[in-house]
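The next block is final_29.cif, given as mmCIF, C-alpha atoms and all ligand atoms.
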```cif
data_coords
loop_
_atom_site.label_atom_id
_atom_site.label_comp_id
_atom_site.auth_asym_id
_atom_site.auth_seq_id
_atom_site.Cartn_x
_atom_site.Cartn_y
_atom_site.Cartn_z
CA MET Y 1 7.44 21.30 -12.53
CA TRP Y 2 7.98 17.55 -12.19
CA GLY Y 3 11.22 17.41 -14.16
CA TYR Y 4 13.44 18.97 -11.54
CA LEU Y 5 15.56 15.86 -11.06
CA ARG Y 6 15.59 14.76 -14.66
CA ASN Y 7 18.80 16.54 -15.53
CA LYS Y 8 20.55 15.74 -12.30
CA MET Y 9 23.47 13.36 -12.58
CA LEU Y 10 22.51 9.93 -11.33
CA HIS Y 11 25.80 8.90 -9.88
CA GLN Y 12 24.98 7.08 -6.70
CA GLN Y 13 23.67 3.56 -6.79
CA LEU Y 14 24.07 0.04 -5.52
CA SER Y 15 26.57 -1.36 -8.02
CA PHE Y 16 25.84 -4.57 -9.91
CA ASP Y 17 28.85 -6.25 -8.31
CA ASN Y 18 27.50 -5.55 -4.83
CA LEU Y 19 23.99 -6.45 -5.93
CA ARG Y 20 25.11 -9.80 -7.31
CA LYS Y 21 26.66 -10.82 -3.99
CA LEU Y 22 23.26 -10.41 -2.32
CA ILE Y 23 21.09 -12.46 -4.71
CA GLN Y 24 19.38 -15.51 -3.20
CA SER Y 25 16.53 -15.69 -5.69
CA ASN Y 26 15.70 -13.42 -8.58
CA GLU Y 27 12.08 -14.39 -9.09
CA ILE Y 28 9.66 -14.55 -6.19
CA GLU Y 29 7.19 -16.65 -8.22
CA LYS Y 30 9.63 -19.58 -8.04
CA LEU Y 31 9.36 -19.68 -4.23
CA THR Y 32 6.59 -20.82 -1.90
CA TYR Y 33 5.84 -19.28 1.49
CA PRO Y 34 7.51 -22.16 3.42
CA GLU Y 35 10.65 -21.68 1.29
CA ILE Y 36 10.58 -17.94 1.95
CA VAL Y 37 10.33 -18.64 5.69
CA THR Y 38 13.47 -20.79 5.43
CA LEU Y 39 15.33 -17.93 3.74
CA PHE Y 40 14.28 -15.57 6.54
CA ARG Y 41 15.47 -18.01 9.21
CA GLN Y 42 18.82 -18.37 7.42
CA GLU Y 43 19.41 -14.61 7.47
CA GLU Y 44 21.58 -14.43 10.58
CA GLY Y 45 21.46 -10.66 10.95
CA ILE Y 46 17.72 -10.62 11.52
CA GLN Y 47 17.74 -13.19 14.32
CA SER Y 48 19.08 -10.69 16.85
CA PHE Y 49 16.32 -8.19 16.06
CA GLN Y 50 13.32 -10.48 16.35
CA PRO Y 51 10.05 -9.01 17.61
CA ASP Y 52 8.26 -10.33 20.68
CA HIS Y 53 5.84 -12.53 18.66
CA ILE Y 54 2.84 -11.11 20.52
CA ALA Y 55 -0.14 -9.10 19.32
CA LEU Y 56 -2.27 -7.34 21.89
CA GLN Y 57 -5.60 -5.80 21.09
CA ASP Y 58 -7.16 -2.62 22.46
CA PRO Y 59 -10.54 -3.98 23.59
CA ARG Y 60 -12.28 -0.69 22.77
CA ASN Y 61 -11.62 -0.72 19.05
CA ASN Y 62 -9.65 -3.90 18.18
CA GLU Y 63 -6.54 -1.89 17.34
CA ARG Y 64 -3.61 -4.31 17.12
CA VAL Y 65 -0.31 -3.63 18.87
CA LEU Y 66 2.93 -5.50 18.05
CA PHE Y 67 6.15 -5.21 20.07
CA ASN Y 68 9.79 -4.98 19.00
CA GLY Y 69 12.11 -2.98 21.22
CA SER Y 70 15.12 -3.49 18.92
CA ARG Y 71 13.58 -1.14 16.33
CA ALA Y 72 14.29 1.75 18.70
CA ILE Y 73 18.05 1.31 18.28
CA ARG Y 74 18.34 0.98 14.51
CA PRO Y 75 21.82 2.32 13.71
CA HIS Y 76 20.85 3.71 10.31
CA ASP Y 77 17.78 5.60 11.48
CA ASN Y 78 17.25 8.60 9.19
CA THR Y 79 16.66 10.90 12.14
CA ASP Y 80 18.49 13.85 13.60
CA ARG Y 81 16.98 14.53 16.99
CA ASN Y 82 18.93 17.78 17.31
CA SER Y 83 17.34 19.18 14.16
CA SER Y 84 14.08 21.11 14.40
CA ASN Y 85 12.18 18.87 12.02
CA PHE Y 86 13.99 15.59 12.72
CA VAL Y 87 15.11 15.18 9.10
CA LYS Y 88 18.67 14.20 8.35
CA LYS Y 89 20.07 14.13 4.84
CA THR Y 90 21.92 10.88 4.17
CA GLU Y 91 25.36 11.43 2.70
CA PRO Y 92 25.93 9.24 -0.39
CA GLN Y 93 28.72 7.22 1.16
CA ASP Y 94 26.55 6.50 4.24
CA CYS Y 95 23.57 4.93 2.46
CA ILE Y 96 23.38 1.30 3.55
CA ILE Y 97 21.60 0.32 0.34
CA CYS Y 98 24.01 2.03 -2.05
CA THR Y 99 26.92 0.42 -0.20
CA GLY Y 100 25.28 -3.02 -0.19
CA GLN Y 101 25.09 -3.35 3.60
CA THR Y 102 21.73 -5.04 3.52
CA THR Y 103 20.04 -8.45 3.61
CA ARG Y 104 19.98 -10.95 0.78
CA ILE Y 105 17.67 -10.42 -2.19
CA ILE Y 106 14.70 -12.61 -3.08
CA ASP Y 107 13.47 -10.77 -6.19
CA LEU Y 108 15.46 -8.73 -8.71
CA THR Y 109 14.29 -7.11 -11.95
CA GLN Y 110 16.08 -4.91 -14.43
CA LEU Y 111 14.64 -1.48 -15.22
CA SER Y 112 15.44 0.91 -18.07
CA ASN Y 113 18.11 2.31 -15.75
CA GLY Y 114 19.31 0.15 -12.84
CA TYR Y 115 17.27 -2.47 -11.01
CA THR Y 116 14.40 -2.85 -8.57
CA PHE Y 117 14.64 -5.50 -5.87
CA ILE Y 118 12.97 -7.00 -2.81
CA ASN Y 119 14.84 -8.18 0.29
CA LYS Y 120 14.23 -8.80 3.99
CA ASN Y 121 13.69 -6.14 6.62
CA LEU Y 122 16.51 -6.36 9.16
CA TYR Y 123 14.22 -4.99 11.91
CA PRO Y 124 11.00 -6.90 11.29
CA ILE Y 125 7.69 -6.25 13.00
CA VAL Y 126 6.84 -9.94 12.52
CA TYR Y 127 9.06 -13.03 12.19
CA PRO Y 128 8.31 -16.70 11.44
CA MET Y 129 7.27 -18.88 14.34
CA ASP Y 130 7.01 -22.64 14.48
CA TYR Y 131 4.44 -24.69 16.35
CA VAL Y 132 6.69 -25.37 19.36
CA GLU Y 133 7.50 -21.69 19.79
CA ALA Y 134 3.85 -20.82 19.32
CA SER Y 135 2.59 -23.17 22.03
CA ARG Y 136 5.29 -22.09 24.49
CA THR Y 137 4.34 -18.46 24.04
CA THR Y 138 0.64 -19.21 24.22
CA ASN Y 139 1.07 -20.50 27.76
CA ARG Y 140 2.10 -17.12 29.06
CA LEU Y 141 -0.58 -15.19 27.22
CA ASN Y 142 -3.74 -13.79 28.76
CA SER Y 143 -7.05 -14.09 27.01
CA GLY Y 144 -7.40 -11.78 24.05
CA GLU Y 145 -3.70 -11.94 23.28
CA LYS Y 146 -2.45 -13.64 20.14
CA ASN Y 147 0.78 -14.88 18.72
CA ALA Y 148 1.99 -12.73 15.87
CA PHE Y 149 4.11 -14.23 13.12
CA GLY Y 150 5.00 -13.69 9.49
CA VAL Y 151 7.63 -12.02 7.32
CA HIS Y 152 8.62 -8.41 6.66
CA PHE Y 153 10.11 -7.31 3.32
CA LEU Y 154 11.48 -4.14 1.77
CA GLN Y 155 11.10 -3.29 -1.88
CA TRP Y 156 13.74 -0.84 -3.15
CA THR Y 157 12.16 1.10 -5.98
CA SER Y 158 15.51 1.61 -7.74
CA THR Y 159 19.17 0.81 -7.16
CA PHE Y 160 19.78 4.55 -7.81
CA HIS Y 161 19.69 6.63 -4.64
CA GLU Y 162 17.96 9.61 -6.26
CA LEU Y 163 15.25 7.67 -8.08
CA ASP Y 164 11.82 6.90 -6.67
CA TRP Y 165 8.13 7.22 -7.58
CA HIS Y 166 8.22 10.97 -8.24
CA ASN Y 167 10.94 10.89 -10.90
CA MET Y 168 10.98 7.44 -12.53
CA PRO Y 169 9.46 6.62 -15.95
CA LEU Y 170 5.95 5.16 -15.69
CA GLY Y 171 7.06 2.04 -17.59
CA ASP Y 172 9.63 1.25 -14.89
CA LEU Y 173 7.11 1.95 -12.15
CA VAL Y 174 4.67 -0.52 -13.72
CA VAL Y 175 7.44 -3.12 -13.40
CA VAL Y 176 7.95 -2.14 -9.74
CA MET Y 177 4.22 -2.51 -9.04
CA LYS Y 178 4.09 -5.84 -10.90
CA ARG Y 179 6.85 -7.17 -8.65
CA LEU Y 180 4.81 -6.11 -5.60
CA ALA Y 181 1.80 -7.88 -7.11
CA ALA Y 182 3.87 -11.04 -7.70
CA LEU Y 183 5.07 -11.02 -4.08
CA GLU Y 184 1.51 -10.46 -2.83
CA LYS Y 185 0.21 -13.38 -4.90
CA THR Y 186 2.97 -15.76 -3.82
CA LEU Y 187 2.37 -14.99 -0.14
CA LEU Y 188 -1.43 -15.25 -0.25
CA THR Y 189 -1.61 -18.39 -2.38
CA THR Y 190 1.18 -20.62 -1.00
CA SER Y 191 0.64 -20.25 2.76
CA SER Y 192 -2.54 -22.22 3.46
CA ASN Y 193 -0.79 -24.43 6.06
CA GLU Y 194 0.82 -21.51 7.89
CA MET Y 195 -1.66 -18.62 7.79
CA PRO Y 196 -5.35 -18.17 8.66
CA SER Y 197 -7.68 -18.87 5.74
CA LEU Y 198 -9.50 -15.84 4.32
CA GLU Y 199 -12.57 -17.97 3.62
CA GLN Y 200 -14.17 -16.63 6.82
CA PHE Y 201 -14.02 -13.20 5.15
CA GLY Y 202 -15.72 -14.41 1.98
CA ASP Y 203 -12.58 -15.16 -0.05
CA SER Y 204 -13.42 -17.99 -2.47
CA GLN Y 205 -9.92 -18.19 -4.00
CA GLY Y 206 -8.32 -20.20 -1.18
CA ARG Y 207 -6.05 -17.33 -0.08
CA SER Y 208 -4.53 -17.06 3.40
CA GLY Y 209 -3.01 -14.34 5.61
CA PHE Y 210 -2.81 -10.57 5.38
CA VAL Y 211 -0.46 -8.63 3.10
CA SER Y 212 0.09 -5.00 4.13
CA VAL Y 213 1.90 -2.74 1.66
CA ILE Y 214 2.93 0.74 2.78
CA LYS Y 215 5.40 3.46 1.94
CA ASN Y 216 6.92 5.69 4.62
CA SER Y 217 8.98 8.63 3.40
CA GLY Y 218 10.64 11.05 5.81
CA SER Y 219 11.60 10.43 9.42
CA PRO Y 220 8.67 12.39 10.99
CA VAL Y 221 6.34 9.65 9.67
CA GLY Y 222 8.51 6.58 10.27
CA GLY Y 223 10.75 6.55 7.17
CA SER Y 224 14.03 5.38 8.71
CA ILE Y 225 16.04 5.11 5.46
CA GLU Y 226 16.18 7.80 2.78
CA HIS Y 227 16.75 5.46 -0.19
CA GLY Y 228 13.24 5.07 -1.73
CA HIS Y 229 11.40 1.95 -0.68
CA GLN Y 230 8.11 0.22 0.09
CA GLN Y 231 7.44 -2.11 3.03
CA ILE Y 232 5.51 -5.35 2.81
CA VAL Y 233 4.37 -7.26 5.89
CA PHE Y 234 2.71 -10.67 5.60
CA SER Y 235 1.25 -11.95 8.85
CA ASN Y 236 -1.58 -13.70 10.64
CA ILE Y 237 -2.69 -10.36 12.13
CA MET Y 238 -5.45 -8.40 10.39
CA PRO Y 239 -4.74 -4.67 10.73
CA ARG Y 240 -7.64 -2.74 12.22
CA ARG Y 241 -8.27 -0.60 9.13
CA ILE Y 242 -8.47 -3.73 6.99
CA GLU Y 243 -11.01 -5.15 9.42
CA GLU Y 244 -12.93 -1.86 9.21
CA ASN Y 245 -13.19 -2.26 5.42
CA PHE Y 246 -14.62 -5.74 5.93
CA ARG Y 247 -17.11 -4.48 8.54
CA PHE Y 248 -18.12 -1.61 6.25
CA ARG Y 249 -18.98 -4.13 3.54
CA GLN Y 250 -20.95 -6.25 6.01
CA GLU Y 251 -22.92 -3.33 7.43
CA ARG Y 252 -23.53 -1.24 4.29
CA GLY Y 253 -23.69 -3.97 1.66
CA MET Y 254 -21.09 -2.30 -0.54
CA HIS Y 255 -17.32 -1.97 -0.75
CA PHE Y 256 -15.85 1.17 0.81
CA SER Y 257 -14.52 2.12 -2.66
CA ASP Y 258 -18.07 1.88 -4.09
CA TYR Y 259 -19.30 4.20 -1.37
CA VAL Y 260 -16.62 6.86 -1.95
CA LEU Y 261 -16.91 6.71 -5.76
CA ARG Y 262 -20.67 7.21 -5.40
CA GLU Y 263 -20.91 9.69 -2.51
CA ASN Y 264 -17.82 11.91 -2.67
CA PRO Y 265 -18.61 15.36 -4.20
CA ASP Y 266 -17.43 15.69 -7.83
CA GLN Y 267 -15.53 18.90 -7.04
CA LEU Y 268 -13.13 16.89 -4.87
CA LEU Y 269 -11.88 14.77 -7.79
CA VAL Y 270 -8.23 15.67 -8.40
CA ARG Y 271 -7.56 13.49 -11.46
CA GLU Y 272 -9.36 10.69 -13.22
CA TYR Y 273 -7.57 7.81 -14.96
CA ASP Y 274 -8.99 5.09 -17.22
CA HIS Y 275 -9.36 2.68 -14.31
CA ALA Y 276 -8.87 4.76 -11.15
CA ALA Y 277 -9.75 8.07 -9.50
CA LEU Y 278 -7.55 10.31 -7.33
CA LEU Y 279 -9.59 12.46 -4.97
CA VAL Y 280 -9.78 14.27 -1.65
CA PRO Y 281 -12.24 12.44 0.61
CA TYR Y 282 -14.99 14.71 1.99
CA TYR Y 283 -14.01 13.62 5.52
CA MET Y 284 -10.35 14.79 5.02
CA ARG Y 285 -8.81 14.56 8.49
CA ARG Y 286 -5.54 16.32 7.69
CA PRO Y 287 -4.94 18.85 4.87
CA PHE Y 288 -4.35 17.28 1.43
CA ASP Y 289 -5.14 13.67 2.41
CA MET Y 290 -6.02 11.82 -0.80
CA LEU Y 291 -7.48 8.49 -1.89
CA LEU Y 292 -6.73 6.60 -5.10
CA LEU Y 293 -9.58 4.16 -5.84
CA VAL Y 294 -9.64 1.38 -8.45
CA LYS Y 295 -12.96 1.79 -10.29
CA ASP Y 296 -13.55 -1.95 -10.66
CA THR Y 297 -14.44 -2.53 -7.02
CA GLU Y 298 -14.61 -6.31 -7.46
CA LYS Y 299 -10.81 -6.24 -7.56
CA SER Y 300 -9.36 -6.54 -4.08
CA TYR Y 301 -5.65 -7.25 -4.60
CA LEU Y 302 -2.80 -5.92 -6.77
CA HIS Y 303 -2.33 -9.32 -8.40
CA GLU Y 304 -5.93 -9.28 -9.67
CA LEU Y 305 -5.44 -6.08 -11.68
CA SER Y 306 -5.29 -6.14 -15.47
CA TYR Y 307 -2.35 -4.42 -17.16
CA GLY Y 308 -4.49 -1.36 -17.90
CA GLN Y 309 -5.69 -1.15 -14.29
CA LEU Y 310 -2.12 -1.47 -13.08
CA GLU Y 311 -1.08 1.40 -15.37
CA SER Y 312 -3.82 3.61 -13.90
CA VAL Y 313 -2.78 2.72 -10.34
CA VAL Y 314 0.86 3.48 -11.10
CA ALA Y 315 0.01 6.84 -12.71
CA GLY Y 316 -2.11 7.64 -9.63
CA TRP Y 317 0.71 6.68 -7.24
CA GLN Y 318 3.13 8.88 -9.13
CA ASP Y 319 0.73 11.85 -9.13
CA GLY Y 320 -0.20 11.31 -5.48
CA ILE Y 321 3.44 11.21 -4.40
CA LYS Y 322 4.49 14.20 -6.53
CA LEU Y 323 1.55 16.20 -5.18
CA GLN Y 324 2.45 15.41 -1.59
CA LYS Y 325 6.07 16.43 -2.10
CA THR Y 326 5.10 19.66 -3.87
CA ILE Y 327 2.45 20.67 -1.34
CA LEU Y 328 4.74 19.99 1.63
CA SER Y 329 7.48 22.00 -0.01
CA LEU Y 330 5.07 24.88 -0.75
CA LYS Y 331 4.00 24.86 2.89
CA GLY Y 332 7.60 24.84 4.13
CA ARG Y 333 7.13 21.48 5.82
CA PRO Y 334 9.60 18.56 5.96
CA ILE Y 335 8.99 16.16 3.05
CA ALA Y 336 7.24 13.37 4.90
CA TYR Y 337 4.29 11.23 3.88
CA ASN Y 338 2.74 7.76 4.07
CA VAL Y 339 1.07 5.72 1.36
CA LEU Y 340 -1.20 2.90 2.57
CA THR Y 341 -2.68 0.02 0.56
CA HIS Y 342 -6.20 -1.13 1.43
CA ASN Y 343 -6.66 -4.61 0.01
CA GLY Y 344 -8.54 -7.73 0.99
CA PRO Y 345 -12.18 -8.29 1.85
CA GLY Y 346 -14.49 -5.27 1.80
CA ALA Y 347 -12.18 -2.57 0.51
CA GLY Y 348 -12.37 -2.92 -3.21
CA LEU Y 349 -8.77 -1.81 -3.75
CA TYR Y 350 -7.68 1.67 -2.75
CA PHE Y 351 -4.66 3.62 -1.55
CA GLU Y 352 -4.38 6.46 0.95
CA PHE Y 353 -1.87 9.30 0.52
CA LEU Y 354 -1.24 10.98 3.85
CA PRO Y 355 1.16 13.94 3.69
CA PHE Y 356 2.49 15.19 7.05
CA THR Y 357 0.82 18.57 6.76
CA GLN Y 358 -0.26 18.82 10.38
CA GLU Y 359 0.77 17.31 13.71
CA ASP Y 360 -1.77 15.27 15.65
CA GLY Y 361 -2.73 16.86 18.94
CA GLY Y 362 -4.76 15.60 21.86
CA TYR Y 363 -8.14 16.12 20.20
CA GLU Y 364 -7.06 14.08 17.18
CA LYS Y 365 -6.05 11.31 19.56
CA LEU Y 366 -9.54 11.51 21.08
CA GLY Y 367 -10.94 10.91 17.59
CA LEU Y 368 -11.90 14.57 17.07
CA SER Y 369 -9.79 15.82 14.17
CA VAL Y 370 -9.34 19.56 13.75
CA CYS Y 371 -8.23 19.90 10.13
CA GLN Y 372 -6.38 23.12 9.25
CA SER Y 373 -7.94 23.32 5.78
CA ASN Y 374 -11.14 22.08 4.17
CA PRO Y 375 -11.52 19.49 1.40
CA PHE Y 376 -12.76 21.98 -1.20
CA GLU Y 377 -9.80 24.37 -0.76
CA ALA Y 378 -7.38 21.44 -0.66
CA SER Y 379 -8.69 19.82 -3.86
CA GLU Y 380 -8.59 23.18 -5.67
CA LEU Y 381 -4.93 23.67 -4.84
CA LEU Y 382 -4.10 20.05 -5.71
CA LYS Y 383 -5.78 20.47 -9.10
CA GLN Y 384 -3.83 23.68 -9.76
CA VAL Y 385 -0.56 21.94 -8.89
CA ILE Y 386 -1.26 18.82 -10.96
CA GLU Y 387 -2.21 20.91 -13.98
CA GLY Y 388 1.06 22.80 -13.61
ZN ZN Y 401 21.11 4.91 -1.43
#
```
Once more with this new file: its structure as structure tokens, please.
Amino acid sequence: MWGYLRNKMLHQQLSFDNLRKLIQSNEIEKLTYPEIVTLFRQEEGIQSFQPDHIALQDPRNNERVLFNGSRAIRPHDNTDRNSSNFVKKTEPQDCIICTGQTTRIIDLTQLSNGYTFINKNLYPIVYPMDYVEASRTTNRLNSGEKNAFGVHFLQWTSTFHELDWHNMPLGDLVVVMKRLAALEKTLLTTSSNEMPSLEQFGDSQGRSGFVSVIKNSGSPVGGSIEHGHQQIVFSNIMPRRIEENFRFRQERGMHFSDYVLRENPDQLLVREYDHAALLVPYYMRRPFDMLLLVKDTEKSYLHELSYGQLESVVAGWQDGIKLQKTILSLKGRPIAYNVLTHNGPGAGLYFEFLPFTQEDGGYEKLGLSVCQSNPFEASELLKQVIEG
């Protein structure tokens, strides 16, 4: 079932000649956060799409809100508002990545076929801010408002347009994940003068700031470009869900991953790996939501994983993504899903797979989810699909 693209001709890609013109650095480990900030500031294209540098907080639940109006007018948005499901197929010659119309590259690694690389998001949700800018903005802020600053990257899984997590060899995907881990480590460990220390959250390794790794695929869930990619935001703002993991640990005395691994019914396990477990959480809010949990819950970041743990995580990502695509296709839905990384204090390390199986209505927005399936039915079907 998974091999449907294997025999397809891989003809469309970002050529090496175009790739070479974009290289600024080919190894993120050789840079520090202040040097990365300089590279962002030198990228002229991004300056016109800067966000507002402000984070507001909903006082009821500490949800953070960032502002950037320019994201609404992205010219390459993968959306067709005249189509019933808002999905537009990108024609090969129109892909901005395959044609090299993108920002300069800060990390580049060869794969068995093509390359994987990391560059800068042209429409960032955060952007660097210096002290003068910060104090000027502070003056117009009300209490409870904060400056928001940082950097926003994109990781392109492959230079080939058709390749992504569902159809790449696991060995290549381990390389892709290792590059994410290298970026995460560089950001967290070289930014102590620019980002808030994580010591207040119990981090004894001297790390600073918050790294948020996500994958959006499909325009109904925010995927604006079809060419497969991950997004990485590094900022001074702690996302609410990451704070919830920390609070969970404070209140219950265990990581959230420990809790799920212990309390979730065995029947909801979809697949077990040497160092990770893919399962449907018993509180499934939308049909076929899944969690991938690293079993060693003392690990809280990608860069802390051993090679074996990384292999389990990569196998789980591939299965999770293939399952989402297959289930959505079986249900006749647009192929759209999110993958979220829960790292940092309190989480352990886990990932959420959230296929767009159901629209949110008013009750869901009131915090009362009405799920159009139940976790036992969902995990049964997922197990049938994964076993082929
Ligand atoms: Zn492309």
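Distance annotation: of Y:Phe356, Y:Tyr282, Y:Phe246, Y:Trp317, the residue with the minimal separation from Arg262 in chain Y is Y:Tyr282; atom set is only C-alpha atoms.
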Problem - Protein and nucleic residues near ligand ZN 401 (chain Y), 10 Å, all atoms listed in the file, as a PyMOL selection string - result: chain Y and resi 12-14+90-100+156+158-163+225-228
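Those residues that approach Phe67 in chain Y to within 9 Å, counting all atoms listed in the file, are Pro51, Asp52, His53, Ile54, Ala55, Leu56, Ile125 and Val126 of chain Y; same-chain residues fewer than 6 positions away are not listed.
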Exercise for the section: Considering all atoms listed in the file, return as a PyMOL selection string whatever protein or nucleic-acid residues lie within 6 Å of Ala181 in chain Y, sequence-local ones (same chain, fewer than 3 positions apart) excluded. Expected result: chain Y and resi 178+184+302-303
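Separating CA of Gly150 in chain Y from CA of Ser70 in chain Y is a distance of 17.2 Å.
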Exercise for the section: Enter the distance from CA of Ala182 in chain Y to CA of Arg249 in chain Y, in Å, rounded to one decimal. Expected result: 26.4 Å
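Compared by their closest atoms to Phe256 in chain Y, and using only C-alpha atoms, the residues Y:Ile214, Y:Leu293, Y:Met238, Y:Val270 rank with Y:Leu293 nearest.
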Please return as a PDB file with C-alpha atoms, in the coordinates of the input every residue within 7 Å of (13.0, -8.5, 6.1), taking into account all atoms listed in the file and the file's own coordinates.
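Below is the file that was written, result00.pdb:
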```pdb
ATOM      1  CA  ASN Y 119      14.840  -8.180   0.290  1.00  0.00           C
ATOM      2  CA  LYS Y 120      14.230  -8.800   3.990  1.00  0.00           C
ATOM      3  CA  ASN Y 121      13.690  -6.140   6.620  1.00  0.00           C
ATOM      4  CA  LEU Y 122      16.510  -6.360   9.160  1.00  0.00           C
ATOM      5  CA  TYR Y 123      14.220  -4.990  11.910  1.00  0.00           C
ATOM      6  CA  PRO Y 124      11.000  -6.900  11.290  1.00  0.00           C
ATOM      7  CA  VAL Y 151       7.630 -12.020   7.320  1.00  0.00           C
ATOM      8  CA  HIS Y 152       8.620  -8.410   6.660  1.00  0.00           C
ATOM      9  CA  PHE Y 153      10.110  -7.310   3.320  1.00  0.00           C
ATOM     10  CA  LEU Y 154      11.480  -4.140   1.770  1.00  0.00           C
TER      11      LEU Y 154
END
```
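Near Arg241 in chain Y, within 10 Å and counting all atoms listed in the file, sit Asn62, Glu63, Arg64, Asn245, Phe246, Arg247, His342 and Ala347 of chain Y; same-chain residues fewer than 4 positions away were not included.
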Which protein, DNA or RNA residues have an atom at most 10 Å from (-1.8, 4.6, 5.2), counting all atoms listed in the file? List them as a compact mmCIF listing (two decimals) with C-alpha atoms, keeping the file's coordinate frame.
```txt
# COMPACT_ATOMS: atom_id res chain seq x y z
CA SER Y 212 0.09 -5.00 4.13
CA VAL Y 213 1.90 -2.74 1.66
CA ILE Y 214 2.93 0.74 2.78
CA LYS Y 215 5.40 3.46 1.94
CA ASN Y 216 6.92 5.69 4.62
CA ARG Y 241 -8.27 -0.60 9.13
CA LEU Y 291 -7.48 8.49 -1.89
CA TYR Y 337 4.29 11.23 3.88
CA ASN Y 338 2.74 7.76 4.07
CA VAL Y 339 1.07 5.72 1.36
CA LEU Y 340 -1.20 2.90 2.57
CA THR Y 341 -2.68 0.02 0.56
CA HIS Y 342 -6.20 -1.13 1.43
CA PHE Y 351 -4.66 3.62 -1.55
CA GLU Y 352 -4.38 6.46 0.95
CA PHE Y 353 -1.87 9.30 0.52
CA LEU Y 354 -1.24 10.98 3.85
CA PRO Y 355 1.16 13.94 3.69
```
Handout entry: From Y:Gln57, Y:Ser300, Y:Gln372, Y:Ser379, residue lying nearest Gly344 in chain Y [all atoms listed in the file]
Key = Y:Ser300
Exercise for the section: Please provide as a PyMOL selection string all residues within 9 Å of Arg179 in chain Y, with the sequence filter that same-chain residues fewer than 5 positions apart are discarded (counting only C-alpha atoms). Expected result: chain Y and resi 27-28+107-109+116-118+155+174+184
With C-alpha atoms retained, export the selected residues as a PDB file, keeping the file's coordinate frame.
```pdb
ATOM      1  CA  GLU Y  27      12.080 -14.390  -9.090  1.00  0.00           C
ATOM      2  CA  ILE Y  28       9.660 -14.550  -6.190  1.00  0.00           C
ATOM      3  CA  ASP Y 107      13.470 -10.770  -6.190  1.00  0.00           C
ATOM      4  CA  LEU Y 108      15.460  -8.730  -8.710  1.00  0.00           C
ATOM      5  CA  THR Y 109      14.290  -7.110 -11.950  1.00  0.00           C
ATOM      6  CA  THR Y 116      14.400  -2.850  -8.570  1.00  0.00           C
ATOM      7  CA  PHE Y 117      14.640  -5.500  -5.870  1.00  0.00           C
ATOM      8  CA  ILE Y 118      12.970  -7.000  -2.810  1.00  0.00           C
ATOM      9  CA  GLN Y 155      11.100  -3.290  -1.880  1.00  0.00           C
ATOM     10  CA  VAL Y 174       4.670  -0.520 -13.720  1.00  0.00           C
ATOM     11  CA  GLU Y 184       1.510 -10.460  -2.830  1.00  0.00           C
TER      12      GLU Y 184
END
```
Exercise for the section: For CA of Leu19 in chain Y and CA of Phe40 in chain Y, quote the distance in Å rounded to one decimal. Expected result: 18.2 Å
Which residues, written as a PDB file with C-alpha atoms, in the frame of the given file, have at least one atom at most 6 Å from Ser235 in chain Y, with all atoms listed in the file counted and residues fewer than 2 positions away on the same chain left out?
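The result, written out as out-v7.pdb:
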```pdb
ATOM      1  CA  PHE Y 149       4.110 -14.230  13.120  1.00  0.00           C
ATOM      2  CA  GLY Y 150       5.000 -13.690   9.490  1.00  0.00           C
ATOM      3  CA  GLY Y 209      -3.010 -14.340   5.610  1.00  0.00           C
ATOM      4  CA  PHE Y 210      -2.810 -10.570   5.380  1.00  0.00           C
ATOM      5  CA  ILE Y 237      -2.690 -10.360  12.130  1.00  0.00           C
TER       6      ILE Y 237
END
```
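Across Y:Ala378, Y:Glu263, Y:Ile106, Y:Leu279, the tightest approach to Leu31 in chain Y is made by Y:Ile106 when counting all atoms listed in the file.
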For range 308-323 of chain Y in the structure I just supplied, write out C-alpha atoms - as a PDB file, in the first residue's frame.
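Resulting contents of out.pdb:
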```pdb
ATOM      1  CA  GLY Y 308      18.309   4.153  18.223  1.00  0.00           C
ATOM      2  CA  GLN Y 309      15.732   6.507  19.747  1.00  0.00           C
ATOM      3  CA  LEU Y 310      15.968   8.740  16.697  1.00  0.00           C
ATOM      4  CA  GLU Y 311      15.349   5.731  14.438  1.00  0.00           C
ATOM      5  CA  SER Y 312      12.200   4.858  16.408  1.00  0.00           C
ATOM      6  CA  VAL Y 313      10.949   8.448  16.225  1.00  0.00           C
ATOM      7  CA  VAL Y 314      11.555   8.588  12.476  1.00  0.00           C
ATOM      8  CA  ALA Y 315       9.765   5.260  11.890  1.00  0.00           C
ATOM      9  CA  GLY Y 316       6.858   6.593  13.994  1.00  0.00           C
ATOM     10  CA  TRP Y 317       6.724   9.860  12.020  1.00  0.00           C
ATOM     11  CA  GLN Y 318       6.663   7.954   8.757  1.00  0.00           C
ATOM     12  CA  ASP Y 319       3.887   5.625   9.958  1.00  0.00           C
ATOM     13  CA  GLY Y 320       1.915   8.490  11.496  1.00  0.00           C
ATOM     14  CA  ILE Y 321       2.070  10.526   8.292  1.00  0.00           C
ATOM     15  CA  LYS Y 322       1.262   7.580   5.997  1.00  0.00           C
ATOM     16  CA  LEU Y 323      -1.686   6.663   8.209  1.00  0.00           C
TER      17      LEU Y 323
END
```
